[in-house]
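Participant: Input file: coords01.txt. Contents: compact mmCIF, C-alpha atoms.
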```txt
# COMPACT_ATOMS: atom_id res chain seq x y z
CA MET A 1 16.10 11.01 -20.44
CA GLN A 2 19.40 11.88 -18.74
CA THR A 3 20.44 10.06 -15.58
CA SER A 4 23.60 10.56 -13.60
CA ALA A 5 24.68 9.36 -10.17
CA GLN A 6 27.33 12.05 -9.88
CA GLY A 7 26.88 14.09 -6.72
CA HIS A 8 24.09 11.89 -5.31
CA ARG A 9 24.47 10.77 -1.69
CA PHE A 10 21.52 8.63 -0.66
CA LEU A 11 20.44 7.99 2.92
CA PHE A 12 18.09 5.01 3.23
CA LEU A 13 15.68 4.79 6.17
CA GLN A 14 13.23 1.94 6.77
CA GLY A 15 12.11 -0.07 3.77
CA PRO A 16 9.69 -2.90 2.94
CA HIS A 17 10.41 -6.19 4.70
CA GLY A 18 13.04 -8.20 2.87
CA PRO A 19 16.13 -7.50 0.75
CA PHE A 20 14.75 -4.93 -1.71
CA PHE A 21 16.28 -1.82 -0.16
CA HIS A 22 19.73 -3.41 0.02
CA ARG A 23 19.54 -4.50 -3.63
CA LEU A 24 18.41 -1.00 -4.59
CA GLY A 25 21.23 0.63 -2.63
CA ARG A 26 23.78 -1.70 -4.18
CA MET A 27 22.65 -0.82 -7.70
CA LEU A 28 22.73 2.91 -6.94
CA ALA A 29 26.29 2.45 -5.68
CA GLN A 30 27.20 0.57 -8.87
CA ALA A 31 25.85 3.57 -10.81
CA GLY A 32 28.32 5.81 -8.94
CA ALA A 33 26.22 7.20 -6.10
CA GLU A 34 27.22 7.18 -2.44
CA VAL A 35 24.80 5.16 -0.29
CA TRP A 36 24.17 5.04 3.47
CA ARG A 37 21.56 3.25 5.56
CA VAL A 38 20.19 4.12 9.00
CA GLY A 39 18.88 1.10 10.92
CA PHE A 40 16.55 1.37 13.91
CA ASN A 41 16.40 -2.29 14.96
CA ARG A 42 17.97 -5.68 14.34
CA GLY A 43 15.50 -6.34 11.50
CA ASP A 44 16.80 -3.32 9.60
CA ARG A 45 20.34 -4.52 10.26
CA ALA A 46 19.63 -8.09 9.10
CA PHE A 47 18.45 -6.94 5.69
CA TRP A 48 21.42 -4.59 5.13
CA PRO A 49 24.48 -6.89 5.17
CA THR A 50 26.90 -4.20 3.96
CA LEU A 51 28.43 -3.01 7.25
CA PRO A 52 30.65 -0.08 6.17
CA ASN A 53 27.70 2.07 5.07
CA TYR A 54 25.29 1.02 7.85
CA ILE A 55 24.52 3.55 10.61
CA PRO A 56 22.74 2.13 13.69
CA TYR A 57 20.41 4.50 15.51
CA LYS A 58 20.02 3.41 19.13
CA GLY A 59 18.92 6.70 20.63
CA LEU A 60 15.58 7.92 21.89
CA ALA A 61 12.73 8.83 19.54
CA GLU A 62 12.79 12.46 20.70
CA ASP A 63 16.45 12.77 19.67
CA TRP A 64 15.98 11.38 16.17
CA ALA A 65 15.43 14.69 14.34
CA THR A 66 18.65 16.14 15.75
CA THR A 67 20.58 12.99 14.85
CA PHE A 68 19.11 13.00 11.36
CA ARG A 69 20.34 16.56 10.74
CA ALA A 70 23.78 15.59 12.03
CA ILE A 71 24.00 12.58 9.68
CA VAL A 72 22.90 14.68 6.72
CA ALA A 73 25.59 17.26 7.48
CA GLN A 74 28.34 14.73 8.18
CA LYS A 75 27.69 12.62 5.06
CA SER A 76 26.65 15.54 2.80
CA ILE A 77 23.40 13.75 2.04
CA THR A 78 21.44 14.92 -1.02
CA ASP A 79 18.59 12.36 -1.12
CA ILE A 80 16.66 10.27 1.39
CA VAL A 81 14.86 7.03 0.52
CA LEU A 82 12.03 5.52 2.57
CA TYR A 83 9.03 3.21 2.44
CA GLY A 84 5.90 5.07 3.50
CA ASP A 85 6.02 8.63 4.80
CA THR A 86 3.72 8.56 7.83
CA ARG A 87 5.49 6.48 10.51
CA PRO A 88 6.93 8.94 13.06
CA ILE A 89 10.63 8.49 12.23
CA HIS A 90 9.88 8.99 8.54
CA ALA A 91 7.54 11.94 9.05
CA GLN A 92 10.22 13.72 11.07
CA ALA A 93 12.89 12.93 8.50
CA VAL A 94 10.72 14.16 5.62
CA ALA A 95 10.03 17.45 7.41
CA GLU A 96 13.75 17.96 8.10
CA ALA A 97 14.70 16.94 4.57
CA ARG A 98 12.32 19.45 3.04
CA ALA A 99 13.73 22.21 5.24
CA LEU A 100 17.24 21.24 4.13
CA GLY A 101 16.32 21.06 0.45
CA LEU A 102 16.91 17.32 0.06
CA THR A 103 15.14 15.13 -2.48
CA VAL A 104 12.69 12.72 -0.81
CA HIS A 105 12.17 9.38 -2.59
CA VAL A 106 9.08 7.55 -1.32
CA PHE A 107 8.17 3.95 -2.10
CA GLU A 108 4.76 2.47 -1.41
CA GLU A 109 2.64 -0.48 -2.40
CA GLY A 110 1.30 0.06 -5.90
CA TYR A 111 -1.71 2.28 -6.38
CA LEU A 112 -2.54 -0.20 -9.14
CA ARG A 113 -1.37 -3.22 -7.12
CA PRO A 114 -0.55 -6.03 -7.12
CA HIS A 115 1.82 -6.02 -10.09
CA TRP A 116 3.07 -2.48 -9.66
CA VAL A 117 5.01 -0.53 -7.05
CA THR A 118 4.51 3.18 -6.38
CA TYR A 119 7.52 5.51 -6.61
CA GLU A 120 7.00 9.21 -5.92
CA ARG A 121 8.95 12.16 -4.58
CA GLY A 122 7.93 14.24 -1.60
CA GLY A 123 5.09 12.03 -0.37
CA ALA A 124 2.67 9.21 -1.13
CA ASN A 125 -1.01 8.42 -0.64
CA GLY A 126 -2.63 11.45 1.03
CA HIS A 127 0.63 13.39 0.63
CA SER A 128 1.03 12.53 -3.06
CA ARG A 129 1.13 15.18 -5.77
CA LEU A 130 -1.75 13.29 -7.36
CA MET A 131 -4.04 14.69 -4.68
CA GLN A 132 -3.76 18.15 -6.22
CA MET A 133 -3.94 17.08 -9.87
CA SER A 134 -7.12 17.23 -11.91
CA ILE A 135 -8.15 14.67 -14.50
CA ALA A 136 -7.91 17.41 -17.14
CA GLN A 137 -4.22 17.94 -16.28
CA MET A 138 -3.55 14.21 -16.57
CA GLN A 139 -5.38 14.01 -19.89
CA ALA A 140 -3.29 16.87 -21.25
CA ALA A 141 -0.05 15.15 -20.17
CA THR A 142 -0.97 11.89 -21.95
CA ALA A 143 -2.65 13.42 -25.01
CA GLN A 144 0.21 12.43 -27.33
CA LEU A 145 0.67 8.92 -25.92
CA ASP A 146 -0.91 5.77 -27.23
CA MET A 147 -0.63 2.42 -25.47
CA ASP A 148 -2.75 -0.62 -24.71
CA LEU A 149 -3.39 -0.67 -20.98
CA PRO A 150 -3.09 -4.03 -19.19
CA ASP A 151 -6.19 -5.32 -17.46
CA ALA A 152 -6.60 -5.01 -13.72
CA PRO A 153 -4.98 -8.19 -12.32
CA ALA A 154 -7.27 -10.71 -10.72
CA HIS A 155 -5.01 -11.71 -7.85
CA TRP A 156 -2.82 -10.10 -5.24
CA GLY A 157 0.62 -11.40 -6.21
CA ASP A 158 3.49 -12.42 -3.94
CA MET A 159 1.45 -12.67 -0.70
CA ARG A 160 3.27 -15.71 0.72
CA GLN A 161 6.62 -13.99 0.26
CA HIS A 162 5.22 -10.85 1.85
CA MET A 163 4.15 -12.79 4.93
CA PHE A 164 7.45 -14.72 5.11
CA TRP A 165 9.64 -11.60 5.01
CA GLY A 166 7.37 -9.89 7.55
CA ALA A 167 7.64 -12.79 10.00
CA LEU A 168 11.42 -13.00 9.54
CA TYR A 169 11.83 -9.26 10.04
CA HIS A 170 9.90 -9.31 13.32
CA TRP A 171 11.87 -12.34 14.48
CA PHE A 172 15.12 -10.40 14.03
CA VAL A 173 13.65 -7.37 15.81
CA LEU A 174 12.46 -9.55 18.68
CA THR A 175 15.69 -11.52 19.16
CA GLY A 176 17.88 -8.41 18.79
CA PHE A 177 15.91 -6.27 21.21
CA TRP A 178 18.83 -5.58 23.55
CA ASP A 179 20.93 -4.12 20.76
CA TYR A 180 18.26 -1.50 20.03
CA ARG A 181 16.45 -1.26 23.36
CA ASN A 182 15.10 2.26 22.65
CA PHE A 183 13.31 1.16 19.46
CA ARG A 184 9.54 1.43 19.54
CA PRO A 185 7.34 0.11 16.68
CA HIS A 186 5.19 2.65 14.86
CA ARG A 187 2.16 0.44 15.54
CA ALA A 188 0.39 -0.16 18.84
CA LEU A 189 1.45 -3.78 19.32
CA THR A 190 4.81 -4.87 20.66
CA VAL A 191 7.35 -6.54 18.38
CA GLY A 192 6.66 -9.88 20.07
CA GLN A 193 2.93 -9.56 19.46
CA GLU A 194 3.54 -8.63 15.81
CA PHE A 195 5.76 -11.70 15.37
CA LEU A 196 3.21 -14.03 16.93
CA LEU A 197 0.48 -12.63 14.70
CA TYR A 198 2.61 -13.31 11.62
CA LEU A 199 3.18 -16.89 12.77
CA ARG A 200 -0.49 -17.37 13.56
CA ARG A 201 -1.54 -16.07 10.16
CA LEU A 202 0.89 -18.42 8.39
CA ALA A 203 -0.34 -21.38 10.45
CA MET A 204 -4.01 -20.53 9.84
CA LEU A 205 -3.69 -20.19 6.05
CA PRO A 206 -5.18 -23.66 5.30
CA LEU A 207 -8.20 -23.14 7.59
CA HIS A 208 -8.80 -19.63 6.33
CA ARG A 209 -8.65 -20.88 2.78
CA VAL A 210 -11.44 -23.37 3.50
CA GLU A 211 -13.54 -20.66 5.16
CA ARG A 212 -12.93 -18.32 2.23
CA LEU A 213 -13.89 -20.91 -0.37
CA ALA A 214 -17.08 -21.75 1.49
CA ALA A 215 -18.11 -18.11 1.87
CA THR A 216 -17.31 -17.35 -1.77
CA PHE A 217 -19.34 -20.38 -2.90
CA ARG A 218 -22.38 -19.20 -0.91
CA ILE A 219 -22.15 -15.75 -2.47
CA LYS A 220 -21.48 -16.99 -6.00
CA HIS A 221 -24.38 -19.43 -5.96
CA GLY A 222 -26.74 -17.40 -3.80
CA GLY A 223 -28.43 -15.70 -6.73
CA PHE A 224 -28.79 -12.38 -4.90
CA PRO A 225 -27.55 -8.88 -5.83
CA TYR A 226 -24.85 -7.68 -3.46
CA HIS A 227 -22.70 -4.70 -2.55
CA LEU A 228 -19.03 -5.19 -1.72
CA VAL A 229 -17.16 -3.55 1.17
CA LEU A 230 -13.37 -3.47 0.77
CA LEU A 231 -11.87 -3.63 4.24
CA GLN A 232 -8.44 -2.38 5.25
CA LEU A 233 -6.12 -2.94 8.16
CA GLU A 234 -7.02 -0.69 11.06
CA HIS A 235 -3.32 -0.08 11.78
CA ASP A 236 -2.51 0.79 8.16
CA SER A 237 -1.25 4.34 7.64
CA SER A 238 -3.85 5.11 4.95
CA PHE A 239 -6.62 4.30 7.42
CA GLN A 240 -5.02 6.02 10.42
CA MET A 241 -3.65 9.13 8.72
CA HIS A 242 -5.93 9.75 5.74
CA SER A 243 -9.43 8.83 6.89
CA PRO A 244 -12.10 10.30 9.21
CA PHE A 245 -12.25 7.14 11.34
CA ARG A 246 -10.25 6.29 14.46
CA THR A 247 -11.25 2.63 14.48
CA MET A 248 -12.54 0.05 12.01
CA SER A 249 -15.65 -0.33 14.16
CA GLU A 250 -16.67 3.25 13.35
CA PHE A 251 -16.53 2.49 9.63
CA LEU A 252 -18.37 -0.82 9.98
CA THR A 253 -21.12 0.85 12.01
CA LEU A 254 -21.64 3.50 9.36
CA VAL A 255 -21.76 0.98 6.49
CA VAL A 256 -24.18 -1.50 8.09
CA ASP A 257 -26.47 1.34 9.17
CA GLY A 258 -26.48 2.83 5.66
CA PHE A 259 -27.14 -0.57 4.11
CA ALA A 260 -30.02 -1.32 6.47
CA LYS A 261 -31.62 2.06 5.74
CA GLY A 262 -31.11 2.30 1.98
CA ALA A 263 -30.52 -1.02 0.22
CA PRO A 264 -33.45 -2.88 -1.35
CA PRO A 265 -34.58 -5.72 0.96
CA HIS A 266 -33.42 -8.45 -1.45
CA HIS A 267 -29.87 -7.04 -1.68
CA HIS A 268 -26.96 -8.42 0.38
CA LEU A 269 -23.75 -6.89 1.74
CA VAL A 270 -20.37 -8.63 1.44
CA PHE A 271 -17.40 -7.60 3.57
CA LYS A 272 -14.05 -8.66 2.10
CA ALA A 273 -11.16 -8.68 4.56
CA HIS A 274 -7.72 -7.38 3.67
CA PRO A 275 -5.39 -10.23 2.60
CA LEU A 276 -3.09 -9.45 5.55
CA GLU A 277 -5.85 -9.28 8.17
CA ASP A 278 -4.39 -10.98 11.25
CA GLY A 279 -7.14 -10.87 13.82
CA ARG A 280 -5.75 -8.09 16.01
CA VAL A 281 -9.10 -6.35 15.46
CA PRO A 282 -12.17 -8.64 15.78
CA VAL A 283 -13.67 -7.54 12.47
CA ALA A 284 -15.80 -10.63 11.81
CA ARG A 285 -17.29 -10.55 15.30
CA GLU A 286 -18.11 -6.85 15.04
CA ILE A 287 -19.81 -7.36 11.68
CA ARG A 288 -22.00 -10.12 13.17
CA ARG A 289 -22.92 -7.86 16.09
CA LEU A 290 -23.90 -4.96 13.85
CA ALA A 291 -25.85 -7.21 11.49
CA ALA A 292 -27.91 -8.56 14.40
CA LEU A 293 -28.42 -5.06 15.77
CA HIS A 294 -29.91 -3.86 12.47
CA GLY A 295 -31.86 -7.03 11.70
CA VAL A 296 -29.91 -7.90 8.53
CA THR A 297 -27.99 -10.98 9.73
CA ASN A 298 -29.17 -13.17 6.82
CA ARG A 299 -28.03 -10.55 4.30
CA ILE A 300 -24.48 -9.99 5.57
CA HIS A 301 -21.42 -12.03 4.50
CA PHE A 302 -17.74 -11.97 5.51
CA VAL A 303 -14.93 -13.26 3.27
CA ARG A 304 -11.34 -13.71 4.47
CA GLY A 305 -9.10 -12.26 1.77
CA GLY A 306 -8.82 -14.14 -1.50
CA LYS A 307 -9.06 -12.95 -5.08
CA LEU A 308 -10.98 -9.72 -5.39
CA ALA A 309 -12.03 -10.29 -9.01
CA ARG A 310 -14.24 -13.24 -8.09
CA LEU A 311 -16.36 -10.97 -5.94
CA LEU A 312 -16.14 -7.81 -8.04
CA ASN A 313 -17.32 -9.51 -11.21
CA HIS A 314 -20.86 -9.82 -9.81
CA ALA A 315 -21.01 -6.86 -7.40
CA ARG A 316 -23.44 -3.95 -7.84
CA THR A 317 -21.31 -1.37 -6.00
CA ALA A 318 -18.29 -1.10 -3.72
CA VAL A 319 -17.61 0.85 -0.53
CA THR A 320 -14.27 1.51 1.15
CA VAL A 321 -12.43 3.98 3.34
CA ASN A 322 -9.56 4.55 0.91
CA SER A 323 -8.28 1.11 -0.13
CA THR A 324 -6.11 0.94 -3.24
CA ALA A 325 -8.18 -2.10 -4.25
CA ALA A 326 -10.84 0.41 -5.28
CA GLN A 327 -8.82 0.91 -8.46
CA GLN A 328 -10.11 -2.47 -9.63
CA VAL A 329 -13.64 -1.32 -8.84
CA LEU A 330 -13.22 1.71 -11.05
CA TRP A 331 -11.57 -0.30 -13.82
CA ARG A 332 -14.79 -2.34 -13.99
CA GLY A 333 -16.96 0.79 -14.07
CA LEU A 334 -18.73 -0.01 -10.81
CA PRO A 335 -20.19 2.71 -8.55
CA LEU A 336 -17.78 3.51 -5.72
CA LYS A 337 -18.20 5.25 -2.36
CA VAL A 338 -15.10 6.31 -0.41
CA PHE A 339 -14.70 8.16 2.89
CA GLY A 340 -10.98 8.92 3.20
CA ALA A 341 -8.35 10.74 1.20
CA ALA A 342 -7.11 8.70 -1.76
CA VAL A 343 -5.27 9.45 -4.98
CA TYR A 344 -8.21 8.10 -7.01
CA ALA A 345 -10.91 9.99 -5.07
CA LYS A 346 -11.68 12.35 -7.95
CA PRO A 347 -15.19 13.75 -8.48
CA GLU A 348 -15.34 12.00 -11.85
CA PHE A 349 -14.99 8.61 -10.17
CA VAL A 350 -16.46 8.46 -6.67
CA SER A 351 -20.03 9.03 -5.54
CA ALA A 352 -20.93 12.03 -3.39
CA GLN A 353 -24.27 10.49 -2.38
CA PRO A 354 -25.17 9.78 1.25
CA LEU A 355 -24.63 6.09 1.94
CA PRO A 356 -28.34 5.02 2.12
CA GLU A 357 -28.97 6.76 -1.20
CA PHE A 358 -25.83 5.17 -2.67
CA PHE A 359 -27.07 1.69 -1.77
CA ALA A 360 -30.53 2.49 -3.14
CA LYS A 361 -29.61 4.13 -6.47
CA PRO A 362 -25.84 4.58 -6.99
CA THR A 363 -24.25 6.87 -9.56
CA ARG A 364 -21.65 5.34 -11.87
CA PRO A 365 -18.11 6.64 -12.46
CA ASP A 366 -16.88 8.22 -15.67
CA SER A 367 -15.08 5.18 -17.07
CA ARG A 368 -13.39 7.06 -19.90
CA ALA A 369 -11.93 9.56 -17.47
CA TYR A 370 -10.73 6.70 -15.26
CA ARG A 371 -8.98 5.07 -18.21
CA ASP A 372 -7.11 8.34 -18.80
CA TYR A 373 -6.23 8.52 -15.11
CA ARG A 374 -4.92 4.95 -15.11
CA HIS A 375 -2.94 5.65 -18.26
CA TYR A 376 -1.30 8.60 -16.51
CA LEU A 377 -0.31 6.52 -13.49
CA LEU A 378 1.16 3.75 -15.66
CA GLU A 379 3.29 6.35 -17.44
CA THR A 380 4.53 7.96 -14.23
CA SER A 381 4.55 6.58 -10.68
CA GLN A 382 3.52 2.94 -11.22
CA ILE A 383 6.47 0.64 -11.91
CA PRO A 384 6.07 -3.03 -12.85
CA GLY A 385 7.47 -5.32 -10.18
CA GLY A 386 7.21 -5.98 -6.46
CA PHE A 387 9.14 -5.81 -3.19
CA TYR A 388 8.79 -9.37 -1.91
CA SER A 389 9.46 -11.92 -4.66
CA ALA A 390 12.78 -12.34 -6.46
CA LEU A 391 11.10 -11.87 -9.84
CA GLY A 392 9.25 -8.77 -8.65
CA ARG A 393 12.48 -7.18 -7.36
CA ARG A 394 14.29 -7.87 -10.61
CA GLU A 395 11.54 -6.27 -12.66
CA LEU A 396 11.40 -3.26 -10.37
CA LEU A 397 15.16 -2.63 -10.35
CA ARG A 398 15.29 -2.62 -14.16
CA GLN A 399 13.56 0.73 -14.16
CA VAL A 400 13.48 2.44 -10.79
CA VAL A 401 17.20 3.21 -10.41
CA ASP A 402 17.22 5.37 -13.55
CA MET A 403 14.07 7.11 -12.36
CA MET A 404 15.69 7.93 -9.00
CA LEU A 405 18.77 9.37 -10.68
CA GLN A 406 16.74 11.55 -13.02
CA SER A 407 16.56 15.23 -12.09
CA GLU A 408 12.76 15.38 -12.55
CA ASP A 409 10.18 13.39 -10.63
CA PRO A 410 7.98 10.96 -12.64
CA TYR A 411 5.16 13.48 -13.10
CA ASP A 412 7.32 16.36 -14.29
CA ALA A 413 9.35 14.04 -16.51
CA LEU A 414 6.21 13.04 -18.42
CA THR A 415 5.09 16.64 -18.85
CA SER A 416 8.50 17.74 -20.10
CA GLY A 417 8.85 14.79 -22.46
CA ASN A 418 11.79 13.27 -20.56
CA ALA A 419 10.05 10.22 -19.11
CA ALA A 420 11.72 6.89 -19.63
CA PRO A 421 10.02 4.37 -21.93
CA ARG A 422 7.88 2.03 -19.83
CA GLN A 423 8.56 -1.69 -19.97
CA GLN A 424 5.68 -4.03 -20.71
CA LEU A 425 4.02 -5.65 -17.73
CA ARG A 426 4.41 -9.41 -17.56
CA LEU A 427 1.75 -10.90 -15.32
CA VAL A 428 3.79 -13.65 -13.67
CA ASN A 429 3.49 -14.77 -10.04
```
Could you write out this structure as structure tokens?
Facilitator:
Amino acid sequence: MQTSAQGHRFLFLQGPHGPFFHRLGRMLAQAGAEVWRVGFNRGDRAFWPTLPNYIPYKGLAEDWATTFRAIVAQKSITDIVLYGDTRPIHAQAVAEARALGLTVHVFEEGYLRPHWVTYERGGANGHSRLMQMSIAQMQAATAQLDMDLPDAPAHWGDMRQHMFWGALYHWFVLTGFWDYRNFRPHRALTVGQEFLLYLRRLAMLPLHRVERLAATFRIKHGGFPYHLVLLQLEHDSSFQMHSPFRTMSEFLTLVVDGFAKGAPPHHHLVFKAHPLEDGRVPVAREIRRLAALHGVTNRIHFVRGGKLARLLNHARTAVTVNSTAAQQVLWRGLPLKVFGAAVYAKPEFVSAQPLPEFFAKPTRPDSRAYRDYRHYLLETSQIPGGFYSALGRRELLRQVVDMMLQSEDPYDALTSGNAAPRQQLRLVN
């Protein structure tokens, strides 16, 4: 593998909450690259303490594309770096970058989270190159490789750090509003509302833990077969941009109706909330309403976050829109029904049955094919580490800088035989 920073001029846009993007930019600069950062609010500014290469954008949203082209021309930018490719300022930048022939480096939460981060070029999730790849192509690329794959982790990882950096970021955005008065969040809520939700979630952690333990105990000791629904955040880009639903209520309605029509009468349905669910959408209340409407109240359960493995280990099937947590479902060989676009939504893995039929008699995934798929991801776009904890950032930086400086993206590098050796995953919180 050959890596060189010569000639690279990176322009960073918005990153994950916390110091990761600044640490990444600093290491790229140490390698010899030129690095710039565009900030859109005081939160972006707070996590990029190097002033000389910071470019504040305080203009209107409709002027951003023109400004982006001007920055690229003025700084002779060759690469852009961003976290997620669907928020409006990123989507515009990606479109302009492609037209200008720039390399687009996209970071995302790990497809095999929690102990991995996703690094791709061009796009992620529904825009990932994985969407167009077949399992046969992946099997051919890994045919000469032999490695022991780590088990699917049982817990999320650095969730407290994630919540802390998110709250701090929104505090900076809120208190620095007048410096960037044209900034508008890519989500529906105001910055102040986002900040208050972060604080509320942190304050409610002890109570929610008690509720979660009680609900999990009832399910574990209930002695009934159950199906698991993996919920997502309604405002998450994967749900909004890569699914057929406009609201979470639409998905919940479809699932409860399918369960009531198709599941055996002694089966139960368990809804597991996303670990970052903050109450902006009344999910629990809507589930209770739908359960009563369909006469299945005593067979419906709601669990606030927590460790997925405890519920998956005894589940019969799983249903989701397009949650990355479904990777753990497939690793266990459980039947899976998905409704949105996802990198794992291959015909070998996910059921094509109507939902009532799926609950009644589900088809199982091809577990051998999924193992090959997972092997391919671990050799390409999945990098050990994380954005939010100090340990996770250190592990991530050990490998990702060389991958960004390589001429080929992770998928082409594996095919050509130029992929970097992968470090062993160390499952440490």
Participant: Measuring between only C-alpha atoms, which one of A:Pro354, A:Gly333, A:Gly176, A:Gly126 shows the shortest distance to Asp257 of chain A?
Facilitator: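 Of all the options, A:Pro354 lies closest to Asp257 of chain A.
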Participant: Can you work out the spacing between atom CA of Phe47 of chain A and atom CA of Val173 of chain A in Å, to one decimal?
Facilitator: 11.2 Å
Participant: Between atom CA of Val81 of chain A and atom CA of Gly39 of chain A, measure the distance and give it in Å to one decimal.
Facilitator: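 Going from atom CA of Val81 of chain A over to atom CA of Gly39 of chain A covers 12.6 Å.
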Participant: Write out as a list in words the residues lying within 9 Å of Pro19 of chain A, counting all atoms listed in the file and excluding same-chain residues fewer than 6 positions away.
Facilitator: Phe47, Trp48, Trp165, Phe387, Tyr388 and Arg393 of chain A
Participant: Skip Leu405 of chain A itself and residues of its chain fewer than 2 positions away, then list as a list in words all residues within 8 Å of it, counting all atoms listed in the file.
Facilitator: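 Near Leu405 of chain A, the qualifying residues are Thr3, Ser4, Ala5, His8, Val401, Asp402, Met403 and Ser407 of chain A.
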Participant: Just checking: using only C-alpha atoms, which residue out of A:Tyr180, A:Trp36, A:Tyr411, A:Phe251 ends up closest to Thr380 of chain A?
Facilitator: A:Tyr411
Participant: From the list A:Ala91, A:Ile383, A:Leu336, A:Ile55, which residue is nearest Gln399 of chain A when using all atoms listed in the file?
Facilitator: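 Using all atoms listed in the file, Gln399 of chain A sits closest to A:Ile383.
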Participant: Please report the interatomic distance between atom CA of Trp178 of chain A and atom CA of Leu13 of chain A in Å with one decimal.
Facilitator: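 Going from atom CA of Trp178 of chain A over to atom CA of Leu13 of chain A covers 20.5 Å.
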Participant: Taking into account only C-alpha atoms, which residue in the set A:Asp63, A:Leu28, A:Gly18, A:Tyr54 is nearest to Phe172 of chain A?
Facilitator: A:Gly18
Participant: From the options A:His235, A:Arg289, A:His17, A:Arg299, which residue's atoms come nearest to Tyr169 of chain A, counting all atoms listed in the file?
Facilitator: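 Closest to Tyr169 of chain A, using all atoms listed in the file: A:His17.
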Participant: Set the distance at 7 Å and use only C-alpha atoms: which residues neighbour segment 99-115 of chain A once local chain neighbours fewer than 4 positions away are removed? I'd like the list as a short mmCIF file (atom, residue, chain, number, x, y, z; two decimals) with C-alpha atoms, in the frame of the given file.
Facilitator:
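Below is the file that was written, out00.cif:
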```
data_model
loop_
_atom_site.label_atom_id
_atom_site.label_comp_id
_atom_site.auth_asym_id
_atom_site.auth_seq_id
_atom_site.Cartn_x
_atom_site.Cartn_y
_atom_site.Cartn_z
CA THR A 78 21.44 14.92 -1.02
CA ASP A 79 18.59 12.36 -1.12
CA ILE A 80 16.66 10.27 1.39
CA VAL A 81 14.86 7.03 0.52
CA LEU A 82 12.03 5.52 2.57
CA TYR A 83 9.03 3.21 2.44
CA GLY A 84 5.90 5.07 3.50
CA ASP A 85 6.02 8.63 4.80
CA VAL A 94 10.72 14.16 5.62
CA ALA A 95 10.03 17.45 7.41
CA TYR A 119 7.52 5.51 -6.61
CA GLU A 120 7.00 9.21 -5.92
CA ARG A 121 8.95 12.16 -4.58
CA GLY A 122 7.93 14.24 -1.60
CA GLY A 123 5.09 12.03 -0.37
CA ALA A 124 2.67 9.21 -1.13
CA TRP A 156 -2.82 -10.10 -5.24
CA GLY A 157 0.62 -11.40 -6.21
CA THR A 324 -6.11 0.94 -3.24
CA GLN A 327 -8.82 0.91 -8.46
CA GLN A 382 3.52 2.94 -11.22
CA PRO A 384 6.07 -3.03 -12.85
CA GLY A 385 7.47 -5.32 -10.18
CA GLY A 386 7.21 -5.98 -6.46
#
```
Participant: Pick from A:Tyr57, A:Phe217, A:Phe183, A:Phe224: nearest to Asn298 of chain A, with all atoms listed in the file counted?
Facilitator: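 Among the listed residues, the smallest separation from Asn298 of chain A belongs to A:Phe224.
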Participant: Do you have, as a Markdown table, the list of residues of segment 260-328 of chain A lying at most 9 Å from segment 361-365 of chain A, each with its nearest atom pair and that distance in Å to one decimal, counting only C-alpha atoms and ordered by chain then number?
Facilitator:
```
| residue | atom | partner | partner_atom | distance |
| --- | --- | --- | --- | --- |
| A:Gly262 | CA | A:Lys361 | CA | 8.8 |
| A:Ala263 | CA | A:Lys361 | CA | 8.5 |
| A:Arg316 | CA | A:Pro362 | CA | 8.9 |
| A:Thr317 | CA | A:Pro362 | CA | 7.5 |
```
Participant: Produce the centre coordinates and the three edge lengths, each in Å to one decimal, of the box along x, y and z that contains all listed atoms of segment 156-175 of chain A with 3 Å added on each side, as lines of an AutoDock Vina configuration file.
Facilitator:
```
center_x = 6.4
center_y = -11.5
center_z = 6.5
size_x = 24.5
size_y = 14.3
size_z = 31.4
```
Participant: Which residues are near Ile300 of chain A? Cut-off 7 Å, only C-alpha atoms, ignore same chain within fewer than 2 positions. Put them as an MDAnalysis selection string.
Facilitator: chainID A and resid 268:270 291 296:298
Participant: Please identify all polymer residues within 12 Å of Leu228 of chain A, counting all atoms listed in the file, omitting same-chain residues fewer than 2 positions from it, and present them as a PyMOL selection string.
Facilitator: chain A and resi 219+225-226+230-231+255-256+259+267-273+300-303+308-320+325-326+329+334-337+359
